[in-house]
Amino acid sequence: MRTPISSLQLLEPRSLEEALRMLRDEGPLMPLAGCTDVYVNLNFGILPQTRFLNLWRLDELRKIEMRDGALSIGALATYTRMIRSALLRKRLPILAAASREVGGAQIQNRGTLGGNIANASPAGDTLPVLAAADAILVLRSAGGTRRVPFNSFYTGYRKSVARPDELIVAVEVPPVEGRQWFRKVGTRAAQAISKVVMAAVRAPRPRIALGSVAPTVIRLPRTEAALSGGGSVKEARETLAGEIRPIDDLRSTAEYRRRVCQNLLEQFWSETA
Ligand SMILES: Cc1cc2nc3c(=O)[nH]c(=O)nc-3n(C[C@H](O)[C@H](O)[C@H](O)COP(=O)(O)OP(=O)(O)OC[C@H]3O[C@@H](n4cnc5c(N)ncnc54)[C@H](O)[C@@H]3O)c2cc1C
C-alpha cells in the first residue's frame, strides 16, 4: 500500500550549511535528491522513514569542475548534466557512457550521482566506474569534511561507512591514465537493470570493476595482477572465474554472470589493445 503523504514531514534547507545543521539537530532525517529511488519505495509503502530533507534546491552541489587537479562532481549532478558536461566527457568518458544507459530521459533528468552512490544498490551503473577510477567521496557533516576512497566506502550489502549526520557532497576523480572502457549488460539495450556492468582502465596496472555480481561493487585485484604480470587474457579469464562468486537471483544465474564477466574481460582487452 502507498505511504500516505500526509504522514510525512519535509524539511527544506536553503543552503548546505542549513541542511547539515538540520541533520545534526533535527534528525533522524532521510536526504532526498532526485527522489527516483525513494519514490519507488514510498509507492510500495516499504519506507520506514517519515521525515525527509530536501536537497534538490542546493545548487552548490551540482557543479562539475576541476579542483586541485581532480575532476570534482557535485553529488546533485544529474545524469543529464554529466552527459552534457564537456569536461566530464573528456576526463571520465566512461561516467558519461554509464549515465547514458541509466533509465530513460526522465530518470536521467532527476536521478543524481550522489543518490546512485548512497542508494548502494549493487546494480548501480555508475559504481563500477567510480571503483575503476579510484574515486574519492567527499562526505560532510556539521562537524567537518572527510574524504573516503570509494573502494572502501561500502562495508556490505547496502551498508557503507557514511554516518546518518553526513551527506555525500562530491566525488573527486584524480586524473585517469590509460584507456577507459565501460559496458552494461541487461535484458534490453535501454531501460533495464543490469545483469553485469564492467568498467575498466587499460594502464600498466589495469583497473577492473564489476557491478551486479556481488553484494557490493567489486574490484578484481587478482585478475588485474594477472594481466599486469604479462599473463595472457585467456589466463586472466580463468583467474577472474576463480576470483568472483556471482550472485544468483531472478535477473540472472551465477553461471551466466560468470561467463559474461569472462567475455567482457576479453572484449575490454581486445578493444583497448
Ligand atoms: C524507472 C527507473 C529506472 C532506473 N534505472 C536505473 C538504471 O538504469 N541504472 C541505475 O543505476 N539506476 C537506475 N534507477 C535507480 C535511480 O534512478 C538511481 O539510483 C538514481 O541515481 C538515484 O538518484 P536520486 O537522486 O533519485 O536518489 P534519491 O531517490 O533521492 O535517493 C536515493 C538514496 O540516496 C540517499 N541520498 C541521496 N542523495 C544523497 C546525498 N547527497 N548524500 C547522502 N545520501 C543521499 C537518499 O536518502 C536515499 O537513501 C532507476 C530508477 C527508476 C525509478
# chains A, B, ... in the order shown; residues from 1 in each chain; ligands from 1
call {"tool": "select_by_dssp", "arguments": {"residues": "stretch 67-212 of chain A", "states": "strand (DSSP E)", "output": "ChimeraX atom specification"}}
result
/A:67,70-74,136-141,144-149,154-156,159-160,167-173,179-186,194-202,207-211
call {"tool": "select_by_dssp", "arguments": {"residues": "stretch 64-256 of chain A", "states": "helix (DSSP H, G or I)", "output": "VMD selection string"}}
result
chain A and resid 79 to 84 86 to 91 93 to 100 105 to 110 113 to 119 127 to 132 150 to 152 221 to 228 233 to 243 254 to 256
call {"tool": "atom_distance", "arguments": {"atom1": "atom 41 (N, counted along the ligand's line) of ligand 1", "atom2": "atom CA of A:Ala200"}}
result
25.3 Å
call {"tool": "residues_around", "arguments": {"residues": "A:Gly103", "least_positions_apart": "3", "cutoff": "9 Å", "atoms": "only C-alpha atoms", "output": "list in words"}}
result
Ser99, Arg100, Gln106, Ile107, Gln108, Ala190, Gln191, Ala192 and Ile193 of chain A
call {"tool": "closest_atom_pairs", "arguments": {"of": "stretch 47-129 of chain A", "to": "stretch 21-36 of chain A", "cutoff": "8 Å", "atoms": "only C-alpha atoms", "output": "JSON lines"}}
result
{"residue": "A:Gln49", "atom": "CA", "partner": "A:Met30", "partner_atom": "CA", "distance": 6.9}
{"residue": "A:Arg51", "atom": "CA", "partner": "A:Leu29", "partner_atom": "CA", "distance": 5.3}
{"residue": "A:Phe52", "atom": "CA", "partner": "A:Met30", "partner_atom": "CA", "distance": 4.6}
{"residue": "A:Leu53", "atom": "CA", "partner": "A:Pro31", "partner_atom": "CA", "distance": 4.6}
{"residue": "A:Asn54", "atom": "CA", "partner": "A:Leu32", "partner_atom": "CA", "distance": 4.9}
{"residue": "A:Leu55", "atom": "CA", "partner": "A:Ala33", "partner_atom": "CA", "distance": 5.3}
{"residue": "A:Trp56", "atom": "CA", "partner": "A:Ala33", "partner_atom": "CA", "distance": 5.3}
{"residue": "A:Leu76", "atom": "CA", "partner": "A:Ala33", "partner_atom": "CA", "distance": 6.7}
{"residue": "A:Ile107", "atom": "CA", "partner": "A:Thr36", "partner_atom": "CA", "distance": 6.8}
{"residue": "A:Arg110", "atom": "CA", "partner": "A:Gly34", "partner_atom": "CA", "distance": 4.6}
{"residue": "A:Gly111", "atom": "CA", "partner": "A:Gly34", "partner_atom": "CA", "distance": 4.9}
{"residue": "A:Thr112", "atom": "CA", "partner": "A:Gly34", "partner_atom": "CA", "distance": 6.1}
{"residue": "A:Gly114", "atom": "CA", "partner": "A:Ala33", "partner_atom": "CA", "distance": 7.9}
{"residue": "A:Gly115", "atom": "CA", "partner": "A:Ala33", "partner_atom": "CA", "distance": 6.4}
call {"tool": "write_last_selection", "arguments": {"atoms": "N, CA and C atoms", "output": "CSV table (one decimal), in the first residue's frame"}}
result
chain,number,residue,atom,x,y,z
A,49,GLN,N,11.1,5.4,7.0
A,49,GLN,CA,11.3,6.8,7.4
A,49,GLN,C,10.1,7.7,7.1
A,51,ARG,N,10.5,11.3,7.9
A,51,ARG,CA,10.9,12.7,7.9
A,51,ARG,C,12.1,12.8,6.9
A,52,PHE,N,12.0,13.8,6.0
A,52,PHE,CA,12.9,13.9,4.9
A,52,PHE,C,13.5,15.3,4.8
A,53,LEU,N,14.7,15.3,4.2
A,53,LEU,CA,15.5,16.5,4.0
A,53,LEU,C,15.6,16.7,2.5
A,54,ASN,N,15.0,17.8,2.0
A,54,ASN,CA,15.1,18.0,0.5
A,54,ASN,C,16.3,18.7,0.1
A,55,LEU,N,17.2,18.0,-0.6
A,55,LEU,CA,18.5,18.6,-1.1
A,55,LEU,C,18.4,19.3,-2.4
A,56,TRP,N,17.2,19.1,-3.1
A,56,TRP,CA,17.2,19.4,-4.6
A,56,TRP,C,17.5,20.9,-4.9
A,76,LEU,N,24.8,16.3,-6.4
A,76,LEU,CA,23.5,16.5,-7.0
A,76,LEU,C,23.5,16.6,-8.6
A,107,ILE,N,14.4,9.7,-15.9
A,107,ILE,CA,15.2,9.3,-14.8
A,107,ILE,C,16.6,10.1,-14.9
A,110,ARG,N,16.4,13.6,-13.4
A,110,ARG,CA,16.2,13.7,-11.9
A,110,ARG,C,17.2,12.9,-11.1
A,111,GLY,N,17.6,11.8,-11.6
A,111,GLY,CA,18.5,10.9,-10.8
A,111,GLY,C,19.9,11.5,-10.7
A,112,THR,N,20.5,11.4,-9.5
A,112,THR,CA,21.8,12.1,-9.3
A,112,THR,C,22.9,11.0,-9.0
A,114,GLY,N,25.1,11.3,-6.5
A,114,GLY,CA,25.1,11.1,-5.0
A,114,GLY,C,24.0,10.1,-4.7
A,115,GLY,N,22.8,10.1,-5.3
A,115,GLY,CA,21.7,9.2,-5.0
A,115,GLY,C,22.1,7.8,-5.4
call {"tool": "closest_residue", "arguments": {"among": "A:Ala241, A:Ile94, A:Leu71, A:Ile247", "to": "A:Ala170", "atoms": "only C-alpha atoms"}}
result
A:Leu71
